[in-house]
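Next up, target.txt (compact mmCIF, C-alpha atoms):
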# COMPACT_ATOMS: atom_id res chain seq x y z
CA MET A 2 -110.37 -11.19 -13.12
CA ASN A 3 -109.54 -14.75 -12.22
CA ASN A 4 -107.50 -15.37 -15.32
CA ALA A 5 -105.56 -12.18 -14.77
CA ASN A 6 -103.46 -13.92 -12.19
CA SER A 7 -102.33 -16.86 -14.29
CA ASN A 8 -99.59 -17.00 -16.87
CA GLY A 9 -101.88 -18.31 -19.56
CA PRO A 10 -103.52 -21.33 -21.14
CA SER A 11 -100.75 -23.90 -21.08
CA THR A 12 -98.45 -22.79 -18.32
CA SER A 13 -98.04 -25.47 -15.65
CA VAL A 14 -98.11 -24.16 -12.13
CA THR A 15 -96.19 -27.01 -10.53
CA ARG A 16 -93.45 -28.09 -12.94
CA PRO A 17 -89.90 -27.01 -12.06
CA LEU A 18 -87.81 -24.69 -14.20
CA GLY A 19 -86.34 -26.62 -17.12
CA ALA A 20 -83.26 -26.16 -19.31
CA ARG A 21 -85.30 -24.30 -21.93
CA ASP A 22 -86.67 -21.95 -19.24
CA ILE A 23 -83.15 -21.21 -18.04
CA LYS A 24 -81.97 -20.54 -21.61
CA THR A 25 -84.89 -18.19 -22.22
CA LEU A 26 -84.29 -16.32 -18.96
CA GLY A 27 -80.56 -16.09 -19.62
CA LEU A 28 -80.81 -14.83 -23.20
CA SER A 29 -83.61 -12.41 -22.30
CA ALA A 30 -81.65 -11.00 -19.37
CA LEU A 31 -78.47 -10.66 -21.41
CA GLY A 32 -80.28 -8.96 -24.27
CA GLY A 33 -82.09 -6.67 -21.82
CA ALA A 34 -78.78 -5.73 -20.22
CA LEU A 35 -77.27 -4.68 -23.54
CA GLU A 36 -80.36 -2.68 -24.55
CA PHE A 37 -80.76 -0.99 -21.18
CA TYR A 38 -77.09 0.01 -21.32
CA ASP A 39 -77.96 1.97 -24.45
CA PHE A 40 -80.79 3.75 -22.68
CA VAL A 41 -79.02 4.75 -19.45
CA ILE A 42 -75.48 5.54 -20.62
CA PHE A 43 -76.65 9.12 -21.20
CA VAL A 44 -77.14 9.81 -17.50
CA PHE A 45 -73.60 8.75 -16.55
CA PHE A 46 -72.22 11.40 -18.88
CA ALA A 47 -74.86 14.00 -18.08
CA SER A 48 -72.40 16.58 -16.77
CA VAL A 49 -70.07 16.14 -19.78
CA VAL A 50 -72.91 16.18 -22.31
CA GLY A 51 -74.42 19.22 -20.60
CA GLN A 52 -71.25 21.25 -21.05
CA LEU A 53 -70.81 20.16 -24.68
CA PHE A 54 -74.39 20.57 -25.91
CA PHE A 55 -75.41 23.80 -24.14
CA PRO A 56 -73.92 27.34 -24.09
CA PRO A 57 -70.72 27.49 -22.00
CA ASP A 58 -71.90 30.57 -20.08
CA MET A 59 -75.05 28.85 -18.78
CA PRO A 60 -75.14 28.42 -14.95
CA GLU A 61 -74.18 24.89 -13.81
CA TRP A 62 -77.50 24.18 -12.08
CA LEU A 63 -79.52 25.30 -15.13
CA ARG A 64 -77.34 23.29 -17.50
CA LEU A 65 -77.89 20.23 -15.30
CA VAL A 66 -81.64 20.83 -15.25
CA GLN A 67 -81.77 21.06 -19.05
CA THR A 68 -79.55 18.00 -19.49
CA PHE A 69 -81.76 15.93 -17.19
CA GLY A 70 -84.69 17.38 -19.10
CA ILE A 71 -83.38 15.74 -22.29
CA PHE A 72 -82.83 12.56 -20.27
CA ALA A 73 -86.44 12.78 -19.11
CA ALA A 74 -87.66 13.19 -22.70
CA GLY A 75 -86.79 9.54 -23.21
CA TYR A 76 -89.36 8.65 -20.56
CA ILE A 77 -92.00 10.91 -22.06
CA ALA A 78 -91.69 9.11 -25.42
CA ARG A 79 -92.04 5.70 -23.80
CA PRO A 80 -95.87 5.45 -23.80
CA ILE A 81 -96.07 6.07 -27.54
CA GLY A 82 -93.64 3.32 -28.50
CA GLY A 83 -94.83 1.06 -25.72
CA VAL A 84 -98.54 1.17 -26.55
CA ILE A 85 -97.98 0.71 -30.28
CA MET A 86 -95.63 -2.25 -29.84
CA ALA A 87 -97.86 -3.76 -27.16
CA HIS A 88 -100.88 -3.60 -29.46
CA PHE A 89 -99.08 -5.61 -32.12
CA GLY A 90 -97.49 -7.82 -29.46
CA ASP A 91 -100.96 -8.89 -28.32
CA ARG A 92 -102.16 -9.36 -31.92
CA LEU A 93 -99.10 -10.62 -33.86
CA GLY A 94 -96.76 -12.09 -31.27
CA ARG A 95 -94.39 -11.25 -28.43
CA LYS A 96 -91.17 -12.18 -30.21
CA LYS A 97 -91.71 -9.90 -33.24
CA MET A 98 -91.92 -6.85 -30.98
CA PHE A 99 -89.03 -8.16 -28.90
CA MET A 100 -86.90 -7.99 -32.06
CA LEU A 101 -88.25 -4.62 -33.24
CA SER A 102 -87.53 -2.80 -29.98
CA ILE A 103 -83.80 -3.47 -30.15
CA MET A 104 -83.56 -2.14 -33.71
CA LEU A 105 -85.23 1.09 -32.60
CA MET A 106 -82.71 1.39 -29.76
CA ALA A 107 -79.45 0.58 -31.53
CA LEU A 108 -79.63 3.16 -34.33
CA PRO A 109 -80.24 6.35 -32.28
CA THR A 110 -77.62 5.27 -29.72
CA LEU A 111 -75.07 4.90 -32.48
CA LEU A 112 -76.05 8.29 -33.93
CA MET A 113 -75.74 9.99 -30.52
CA GLY A 114 -72.07 9.08 -30.55
CA LEU A 115 -71.67 10.87 -33.89
CA LEU A 116 -73.58 14.09 -33.14
CA PRO A 117 -71.84 17.48 -33.51
CA THR A 118 -71.76 19.59 -30.33
CA TYR A 119 -72.94 23.14 -29.51
CA ALA A 120 -69.54 24.55 -30.49
CA THR A 121 -70.10 23.23 -34.04
CA ILE A 122 -73.80 23.76 -34.81
CA GLY A 123 -75.16 25.81 -31.90
CA TYR A 124 -78.68 25.16 -30.63
CA LEU A 125 -79.28 22.50 -33.28
CA ALA A 126 -77.03 20.22 -31.20
CA PRO A 127 -79.37 19.85 -28.19
CA ILE A 128 -82.36 19.56 -30.56
CA LEU A 129 -80.78 16.58 -32.36
CA LEU A 130 -79.80 15.09 -29.02
CA LEU A 131 -83.40 15.42 -27.87
CA ALA A 132 -84.67 13.68 -31.03
CA MET A 133 -82.31 10.73 -30.54
CA ARG A 134 -83.30 10.48 -26.90
CA MET A 135 -87.00 10.33 -27.79
CA LEU A 136 -86.37 7.52 -30.28
CA GLN A 137 -84.57 5.64 -27.50
CA GLY A 138 -87.55 6.20 -25.25
CA ALA A 139 -89.99 4.81 -27.81
CA ALA A 140 -87.83 1.69 -28.11
CA ILE A 141 -87.47 1.06 -24.39
CA GLY A 142 -91.20 1.60 -23.99
CA GLY A 143 -91.78 -1.67 -25.77
CA GLU A 144 -88.68 -3.46 -24.51
CA ALA A 145 -89.15 -3.68 -20.75
CA PRO A 146 -92.87 -4.62 -20.65
CA GLY A 147 -92.41 -6.96 -23.61
CA ALA A 148 -89.49 -8.68 -21.93
CA TRP A 149 -91.38 -9.20 -18.66
CA VAL A 150 -94.38 -10.65 -20.50
CA PHE A 151 -92.08 -12.80 -22.62
CA VAL A 152 -90.27 -14.46 -19.71
CA THR A 153 -93.33 -14.95 -17.50
CA GLU A 154 -95.20 -16.68 -20.31
CA HIS A 155 -92.34 -19.13 -20.71
CA VAL A 156 -91.98 -20.26 -17.08
CA PRO A 157 -94.33 -22.03 -14.62
CA ALA A 158 -96.75 -19.66 -12.89
CA ARG A 159 -95.22 -20.30 -9.46
CA HIS A 160 -91.92 -18.85 -10.71
CA THR A 161 -93.39 -15.59 -12.03
CA ALA A 162 -91.59 -13.31 -9.54
CA PHE A 163 -88.26 -15.07 -10.05
CA ALA A 164 -88.65 -14.74 -13.84
CA THR A 165 -89.35 -11.00 -13.67
CA SER A 166 -86.60 -10.47 -11.10
CA THR A 167 -84.10 -12.27 -13.37
CA LEU A 168 -85.05 -10.03 -16.27
CA SER A 169 -84.94 -6.97 -14.00
CA ALA A 170 -81.49 -8.04 -12.80
CA GLY A 171 -80.44 -8.16 -16.45
CA LEU A 172 -81.77 -4.65 -17.05
CA VAL A 173 -79.92 -3.45 -13.96
CA ALA A 174 -76.78 -5.18 -15.27
CA GLY A 175 -77.12 -2.84 -18.24
CA ILE A 176 -76.94 0.07 -15.80
CA LEU A 177 -73.84 -1.56 -14.29
CA LEU A 178 -72.23 -1.77 -17.74
CA GLY A 179 -72.89 1.94 -18.14
CA SER A 180 -71.43 2.73 -14.74
CA LEU A 181 -68.36 0.59 -15.42
CA MET A 182 -67.90 2.29 -18.77
CA ALA A 183 -68.09 5.73 -17.14
CA THR A 184 -65.74 4.70 -14.34
CA GLY A 185 -63.24 3.15 -16.76
CA LEU A 186 -63.15 6.14 -19.08
CA ASN A 187 -62.80 8.47 -16.10
CA TYR A 188 -59.58 6.66 -15.13
CA VAL A 189 -57.96 5.96 -18.50
CA MET A 190 -58.68 9.35 -20.08
CA SER A 191 -57.73 12.84 -19.07
CA GLU A 192 -60.57 15.31 -18.64
CA GLU A 193 -59.51 17.06 -21.84
CA THR A 194 -59.63 13.82 -23.84
CA LEU A 195 -62.98 12.89 -22.35
CA TYR A 196 -64.48 16.20 -23.44
CA ASN A 197 -62.82 16.13 -26.86
CA TRP A 198 -63.91 12.71 -28.05
CA GLY A 199 -63.94 10.20 -25.17
CA TRP A 200 -67.61 10.80 -24.35
CA ARG A 201 -68.55 9.40 -27.78
CA VAL A 202 -67.10 5.96 -27.04
CA PRO A 203 -69.90 4.63 -24.77
CA PHE A 204 -72.59 5.61 -27.29
CA LEU A 205 -70.77 4.02 -30.24
CA VAL A 206 -70.16 0.87 -28.20
CA GLY A 207 -73.84 0.88 -27.21
CA GLY A 208 -74.95 0.97 -30.84
CA VAL A 209 -72.81 -2.06 -31.64
CA LEU A 210 -74.10 -3.91 -28.59
CA GLY A 211 -77.63 -3.26 -29.81
CA PHE A 212 -76.98 -5.25 -32.95
CA VAL A 213 -75.36 -8.00 -30.87
CA THR A 214 -78.63 -8.15 -28.90
CA LEU A 215 -80.63 -8.45 -32.11
CA TYR A 216 -78.50 -11.43 -33.13
CA LEU A 217 -78.93 -13.13 -29.75
CA ARG A 218 -82.71 -12.83 -29.87
CA ARG A 219 -82.87 -14.92 -33.03
CA TYR A 220 -82.46 -17.93 -30.74
CA LEU A 221 -85.59 -17.21 -28.70
CA HIS A 222 -88.96 -18.79 -29.45
CA GLU A 223 -92.47 -17.35 -29.35
CA THR A 224 -94.09 -17.84 -25.93
CA PRO A 225 -96.20 -21.01 -25.52
CA VAL A 226 -99.01 -18.88 -24.09
CA PHE A 227 -99.29 -16.73 -27.20
CA THR A 228 -98.86 -19.74 -29.51
CA GLU A 229 -101.73 -21.57 -27.82
CA MET A 230 -103.99 -18.52 -27.89
CA GLN A 231 -103.21 -18.19 -31.60
CA GLU A 232 -104.00 -21.86 -32.28
CA ASN A 233 -107.20 -21.77 -30.22
CA LYS A 234 -108.23 -18.41 -31.74
CA THR A 235 -108.55 -16.82 -28.30
CA LEU A 236 -106.62 -13.65 -29.10
CA SER A 237 -108.38 -10.40 -28.26
CA GLU A 238 -111.09 -9.82 -30.88
CA GLU A 239 -111.36 -6.09 -30.21
CA LEU A 240 -108.67 -3.50 -29.68
CA PRO A 241 -106.67 -4.65 -26.61
CA MET A 242 -106.59 -1.06 -25.34
CA ARG A 243 -110.39 -0.84 -25.41
CA THR A 244 -110.71 -4.04 -23.37
CA LEU A 245 -108.09 -2.80 -20.94
CA LEU A 246 -109.70 0.56 -20.24
CA ARG A 247 -113.19 -0.93 -19.99
CA ASP A 248 -112.54 -3.97 -17.79
CA TYR A 249 -109.15 -3.71 -16.09
CA LEU A 250 -108.74 -0.23 -14.61
CA PRO A 251 -108.00 -1.65 -11.10
CA GLY A 252 -105.10 -3.59 -12.62
CA VAL A 253 -103.92 -0.42 -14.35
CA ALA A 254 -103.97 1.48 -11.05
CA ILE A 255 -102.00 -1.22 -9.21
CA SER A 256 -99.41 -1.42 -11.99
CA MET A 257 -98.97 2.35 -12.19
CA ILE A 258 -98.39 2.70 -8.45
CA ALA A 259 -95.92 -0.19 -8.56
CA THR A 260 -94.08 1.51 -11.44
CA TRP A 261 -93.86 4.74 -9.43
CA LEU A 262 -92.00 2.78 -6.76
CA LEU A 263 -89.65 1.43 -9.40
CA THR A 264 -88.83 4.90 -10.75
CA ALA A 265 -87.83 6.17 -7.32
CA ALA A 266 -85.67 3.11 -6.70
CA VAL A 267 -83.85 3.34 -10.04
CA VAL A 268 -83.98 6.90 -11.37
CA VAL A 269 -83.17 8.69 -8.10
CA THR A 270 -81.09 6.28 -6.03
CA ILE A 271 -79.05 4.74 -8.86
CA LEU A 272 -79.08 6.93 -11.99
CA MET A 273 -79.17 10.43 -10.52
CA THR A 274 -77.35 10.04 -7.21
CA PRO A 275 -73.74 9.99 -8.55
CA THR A 276 -74.29 13.30 -10.38
CA LEU A 277 -76.15 14.80 -7.41
CA LEU A 278 -73.34 13.85 -5.03
CA GLN A 279 -70.76 15.34 -7.39
CA SER A 280 -72.62 18.60 -8.02
CA PHE A 281 -74.22 19.32 -4.66
CA ALA A 282 -72.21 17.41 -2.05
CA GLY A 283 -68.81 18.04 -3.66
CA ILE A 284 -67.77 14.37 -3.73
CA ASP A 285 -65.12 13.29 -6.25
CA ARG A 286 -66.53 12.02 -9.57
CA GLY A 287 -64.40 8.85 -9.58
CA LEU A 288 -65.37 7.98 -6.01
CA THR A 289 -69.10 8.34 -6.67
CA LEU A 290 -68.90 6.18 -9.80
CA GLN A 291 -67.03 3.43 -7.94
CA ALA A 292 -69.63 3.45 -5.16
CA ASN A 293 -72.38 3.42 -7.77
CA CYS A 294 -70.95 0.23 -9.29
CA VAL A 295 -71.03 -1.43 -5.86
CA ALA A 296 -74.63 -0.30 -5.33
CA ILE A 297 -75.69 -1.68 -8.71
CA VAL A 298 -74.11 -5.08 -8.01
CA CYS A 299 -76.04 -5.17 -4.74
CA LEU A 300 -79.19 -4.13 -6.61
CA ILE A 301 -78.79 -7.15 -8.91
CA ILE A 302 -78.41 -9.40 -5.86
CA GLY A 303 -81.41 -7.70 -4.27
CA CYS A 304 -83.54 -8.27 -7.40
CA LEU A 305 -82.84 -12.01 -7.50
CA SER A 306 -83.29 -12.38 -3.72
CA ALA A 307 -86.59 -10.48 -3.73
CA GLY A 308 -87.94 -12.51 -6.66
CA ALA A 309 -87.03 -15.89 -5.16
CA LEU A 310 -88.46 -14.87 -1.78
CA ALA A 311 -91.65 -13.42 -3.27
CA ASP A 312 -92.48 -16.74 -4.95
CA ARG A 313 -92.32 -18.36 -1.52
CA ILE A 314 -93.96 -15.88 0.86
CA GLY A 315 -95.77 -13.46 -1.48
CA ASP A 316 -95.09 -10.27 -3.41
CA GLY A 317 -96.76 -7.99 -0.85
CA ILE A 318 -94.64 -8.94 2.16
CA VAL A 319 -91.38 -8.63 0.23
CA LEU A 320 -92.49 -5.32 -1.29
CA ALA A 321 -93.35 -3.81 2.09
CA ILE A 322 -90.02 -4.86 3.64
CA SER A 323 -88.01 -3.64 0.65
CA CYS A 324 -89.76 -0.27 0.50
CA ALA A 325 -89.28 0.35 4.20
CA GLY A 326 -85.61 -0.60 3.93
CA LEU A 327 -84.96 1.62 0.91
CA GLY A 328 -86.76 4.66 2.33
CA ILE A 329 -84.82 4.55 5.60
CA THR A 330 -81.36 3.68 4.24
CA TYR A 331 -81.41 6.19 1.38
CA PHE A 332 -82.52 9.02 3.63
CA TYR A 333 -79.68 8.38 6.09
CA PHE A 334 -77.19 7.79 3.26
CA PHE A 335 -77.97 11.04 1.42
CA TRP A 336 -77.93 13.08 4.65
CA LEU A 337 -74.62 11.62 5.79
CA MET A 338 -72.89 12.19 2.43
CA HIS A 339 -73.19 15.95 2.96
CA HIS A 340 -71.12 15.61 6.15
CA ASP A 341 -69.00 12.44 6.03
CA VAL A 342 -68.09 10.15 3.09
CA SER A 343 -66.40 7.42 5.13
CA LEU A 344 -69.46 5.14 4.85
CA LEU A 345 -70.14 5.91 1.18
CA PHE A 346 -69.55 2.36 -0.05
CA PRO A 347 -71.33 0.23 2.60
CA LEU A 348 -74.35 2.54 2.85
CA TYR A 349 -74.74 2.83 -0.91
CA ALA A 350 -74.48 -0.97 -1.12
CA LEU A 351 -77.33 -1.30 1.38
CA VAL A 352 -79.42 1.18 -0.59
CA GLY A 353 -78.79 -0.89 -3.71
CA PHE A 354 -79.83 -4.15 -2.06
CA PHE A 355 -83.18 -2.77 -0.87
CA GLY A 356 -83.65 -1.38 -4.38
CA GLY A 357 -84.18 -5.03 -5.31
CA LEU A 358 -87.89 -4.25 -5.04
CA THR A 359 -87.55 -3.48 -8.77
CA GLY A 360 -87.45 -7.24 -9.35
CA ILE A 361 -90.95 -7.91 -8.03
CA VAL A 362 -92.75 -4.79 -9.28
CA PRO A 363 -93.24 -6.30 -12.78
CA ALA A 364 -94.51 -9.56 -11.23
CA ILE A 365 -97.23 -7.60 -9.45
CA ALA A 366 -98.13 -5.86 -12.72
CA VAL A 367 -98.09 -9.03 -14.85
CA LYS A 368 -100.56 -10.72 -12.49
CA SER A 369 -103.00 -7.85 -12.96
CA PHE A 370 -103.95 -8.71 -16.56
CA PRO A 371 -105.14 -11.77 -18.53
CA ALA A 372 -102.92 -13.18 -21.28
CA ALA A 373 -104.98 -11.79 -24.19
CA ILE A 374 -104.25 -8.16 -23.22
CA ARG A 375 -101.28 -8.65 -20.91
CA PHE A 376 -98.71 -6.91 -23.09
CA THR A 377 -101.00 -3.91 -23.65
CA GLY A 378 -102.01 -3.72 -19.98
CA LEU A 379 -98.47 -3.87 -18.66
CA SER A 380 -97.04 -1.58 -21.33
CA PHE A 381 -99.72 1.11 -20.95
CA SER A 382 -99.56 1.14 -17.14
CA TYR A 383 -95.80 0.94 -16.90
CA ASN A 384 -94.97 3.48 -19.59
CA VAL A 385 -97.54 6.11 -18.68
CA ALA A 386 -96.50 5.92 -15.03
CA TYR A 387 -92.82 6.01 -16.00
CA ALA A 388 -93.39 8.97 -18.32
CA ILE A 389 -94.99 10.93 -15.49
CA ALA A 390 -92.87 9.83 -12.52
CA GLY A 391 -89.61 9.06 -14.33
CA GLY A 392 -89.91 12.09 -16.57
CA LEU A 393 -90.79 14.68 -13.95
CA THR A 394 -88.68 13.35 -11.07
CA PRO A 395 -85.26 14.47 -12.44
CA MET A 396 -86.64 17.94 -13.11
CA ILE A 397 -88.31 18.24 -9.70
CA VAL A 398 -85.32 16.96 -7.76
CA THR A 399 -82.67 19.04 -9.55
CA THR A 400 -84.81 22.18 -9.37
CA SER A 401 -85.74 21.85 -5.69
CA ILE A 402 -82.34 20.73 -4.45
CA LYS A 403 -81.05 24.33 -4.60
CA THR A 404 -83.43 25.38 -1.83
CA LEU A 405 -83.95 21.96 -0.20
CA PRO A 406 -80.67 19.99 -0.21
CA MET A 407 -82.38 16.84 1.09
CA SER A 408 -85.14 16.83 -1.57
CA PRO A 409 -83.99 13.55 -3.22
CA ALA A 410 -84.09 11.77 0.14
CA TRP A 411 -87.49 13.21 1.07
CA TYR A 412 -88.88 12.21 -2.30
CA VAL A 413 -87.68 8.61 -2.02
CA ALA A 414 -88.93 8.34 1.57
CA GLY A 415 -92.38 9.60 0.57
CA VAL A 416 -92.73 7.23 -2.39
CA MET A 417 -91.50 4.27 -0.35
CA SER A 418 -94.13 5.01 2.31
CA VAL A 419 -96.76 4.49 -0.37
CA GLY A 420 -95.00 1.24 -1.28
CA VAL A 421 -95.20 -0.06 2.29
CA VAL A 422 -98.97 0.55 2.35
CA MET A 423 -99.38 -1.12 -1.04
CA GLY A 424 -97.29 -4.10 0.06
CA ILE A 425 -99.43 -4.63 3.15
CA MET A 426 -102.59 -4.50 1.01
CA LEU A 427 -101.16 -7.01 -1.47
CA ALA A 428 -100.05 -9.30 1.34
CA ARG A 429 -103.66 -9.68 2.41
CA ARG A 430 -104.47 -10.94 -1.08
CA HIS A 431 -101.45 -13.24 -1.35
CA TYR A 432 -103.24 -16.46 -0.58
CA HIS A 433 -106.03 -15.46 -2.94
CA TYR A 434 -103.48 -15.19 -5.74
CA ARG A 435 -101.92 -18.55 -4.87
CA ALA A 436 -105.32 -20.20 -4.89
CA GLN A 437 -106.08 -19.18 -8.49
CA PRO A 438 -106.03 -22.11 -10.94
CA ALA A 439 -104.01 -21.94 -14.13
CA HIS A 440 -106.28 -21.25 -17.08

Could you write out this structure as structure tokens?
Amino acid sequence: MNNANSNGPSTSVTRPLGARDIKTLGLSALGGALEFYDFVIFVFFASVVGQLFFPPDMPEWLRLVQTFGIFAAGYIARPIGGVIMAHFGDRLGRKKMFMLSIMLMALPTLLMGLLPTYATIGYLAPILLLAMRMLQGAAIGGEAPGAWVFVTEHVPARHTAFATSTLSAGLVAGILLGSLMATGLNYVMSEETLYNWGWRVPFLVGGVLGFVTLYLRRYLHETPVFTEMQENKTLSEELPMRTLLRDYLPGVAISMIATWLLTAAVVVTILMTPTLLQSFAGIDRGLTLQANCVAIVCLIIGCLSAGALADRIGDGIVLAISCAGLGITYFYFFWLMHHDVSLLFPLYALVGFFGGLTGIVPAIAVKSFPAAIRFTGLSFSYNVAYAIAGGLTPMIVTTSIKTLPMSPAWYVAGVMSVGVVMGIMLARRHYHYRAQPAH
């Protein structure tokens, strides 16, 4: 698996980042932010959507469980879209799939903003909502892995972690856009207006932003790695998935565990926590959304810091430190919020910063596969793991929190413990990775 740790045939290990690299990273991150906004805006309006798309006499906890269930359906659909787009990405080109994924995201997001509610069409409303959510999931299944492969195949190999962390910071910025949208609407609209029509605004805006993203991506070029493989006729001759499952199962295992860490850091601590604090700790909706914005800004800073540091001292060391920090700070934060909200902002900011481990997780996964099957390897591992962990986690946490109020904190602490062990193991292999030549 020597070539699994290089960016590809023509990528220089030693050259510095150039203007074209910066442009590619910038446009990719911006496009990723706009597309990820489309995917996550649902969770910021989960409580509103739940009341509008389910029977009004349903218990609050059950309505929340079913709403997060529809949210989770987006994760379950990810492997299907991801594997299909990855297959063609490894055979036909990275950029083509990069363009396709945004089209598949923009349309259902726009339609979600136009859907009739339960009061109008009854149980057909949540069914249509579920269908739109699954289309979003199929789109994002190809987007995130494709974007990470795209940027790492454009930059020098020694900047792999910084490239993935920049893209991850862009994806997180999409979450920030969603949080800012939710916070802004919460302040400028009355609750009655928000429930009448205000909730539609973020989805309609998201659909428009999707087409803006499509326009921006016209300015990106195919990766030099894929272009050279195409010219040298070194593309995978058999089905990329067959090669992956036959020869690279260890890489699949590493990538899936790393993705599990990412789901805990994003789905629980960032996406679910505001709603959990509102519903089960009784904290004001506006206050939790403001704190969430601060946490996301710190997460972006954490992503970039972790990526830059990982390129210098190794992915494993940074991963172990970040996981330990996130497990400890989130546990204390979630416990304290049930008793005292005076430290809501600084503690949530600290949680966000340690969540920067999300920036180096894709770097670890990218290094696990050779260029010819990299898109397929990363997409399969990432999406299957996300479908399982990201899909089941909201259901498990919201179901168990009734009897175990600290279940979100215990879950994050347990997953981060696995991350510390994995980081230590990767740290031992750090110098092995650095010694690999570029192929």

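One finds atom CA of Val268 of chain A at 15.9 Å from atom CA of Val298 of chain A.
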
Legend entry - Contacts of segment 137-150 of chain A within 7 Å, only C-alpha atoms, excl. fewer than 2 positions in-chain, as an MDAnalysis selection string: chainID A and resid 29 40 75:76 78:83 86:87 95 99 102:103 105:106 109 133:135 152:154 165 168 363 367 376 379:380 384

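Restricting the calculation to all atoms listed in the file, the smallest distance between Val413 of chain A and any of A:Gln279, A:Thr264, A:Asn293, A:Ser343 is found for A:Thr264.
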
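Going from atom CA of Asp316 of chain A to atom CA of Gly328 of chain A covers 18.0 Å.
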
Legend entry - Computed interatomic separation between atom CA of Ala296 of chain A and atom CA of Tyr38 of chain A (Å): 16.2 Å

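Using only C-alpha atoms, the shortest contact distance between Asp285 of chain A and any of A:Ala388, A:Leu405, A:Ala107, A:Met338 is found at A:Met338.
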
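Counting only C-alpha atoms, the residue from A:Leu177, A:Leu262, A:Ala372, A:Val362 that sits nearest to Val295 of chain A is A:Leu177.
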
Legend entry - Cut-off 12 Å around (-81.3, -3.2, -15.6) with all atoms listed in the file: residues as a count of residues only: 50

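With only C-alpha atoms as the atoms that count, the minimum distance from Pro275 of chain A to the choices A:Thr184, A:Asn197, A:Thr118, A:Thr330 is reached by A:Thr184.
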
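If you count all atoms listed in the file and ignore residues fewer than 5 places along the chain from Gly287 of chain A, what sits within 12 Å of it is Phe45, Ser180, Leu181, Met182, Ala183, Thr184, Gly185, Leu186, Asn187, Tyr188, Val189, Met190, Glu192, Pro275, Thr276, Leu278, Gln279, Ala292, Asn293 and Cys294 of chain A.
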
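Using all atoms listed in the file for every distance, the candidate list A:Pro127, A:Pro117, A:Gly27, A:Gly70 yields A:Gly70 as the residue closest to Thr399 of chain A.
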
Please write out, as JSON, where the centre of an axis-aligned box around all listed atoms of segment 208-213 of chain A lies and how long its edges are, in Å to one decimal, after adding 4 Å on each side.
{"center_x": -75.2, "center_y": -3.5, "center_z": -30.8, "size_x": 12.8, "size_y": 17.0, "size_z": 12.4}

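Among the candidates A:Phe370, A:Tyr412, A:Thr161, A:Asp22, the one nearest to Leu221 of chain A when counting all atoms listed in the file is A:Asp22.
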
Legend entry - Protein and nucleic acid residues near (-71.2, -1.7, 5.2) (cut-off 12 Å, only C-alpha atoms) as a VMD selection string: chain A and resid 292 295 to 296 299 330 334 343 to 354

Could you pull the residues within 7 Å of Ala307 of chain A, counting all atoms listed in the file, minus those fewer than 4 positions along the same chain, as an mmCIF file with C-alpha atoms, in the frame of the given file?
data_model
loop_
_atom_site.group_PDB
_atom_site.id
_atom_site.type_symbol
_atom_site.label_atom_id
_atom_site.label_comp_id
_atom_site.auth_asym_id
_atom_site.auth_seq_id
_atom_site.Cartn_x
_atom_site.Cartn_y
_atom_site.Cartn_z
ATOM 1 C CA GLY A 303 -81.410 -7.700 -4.270
ATOM 2 C CA ALA A 311 -91.650 -13.420 -3.270
ATOM 3 C CA VAL A 319 -91.380 -8.630 0.230
ATOM 4 C CA GLY A 357 -84.180 -5.030 -5.310
ATOM 5 C CA LEU A 358 -87.890 -4.250 -5.040
ATOM 6 C CA GLY A 360 -87.450 -7.240 -9.350
ATOM 7 C CA ILE A 361 -90.950 -7.910 -8.030
#
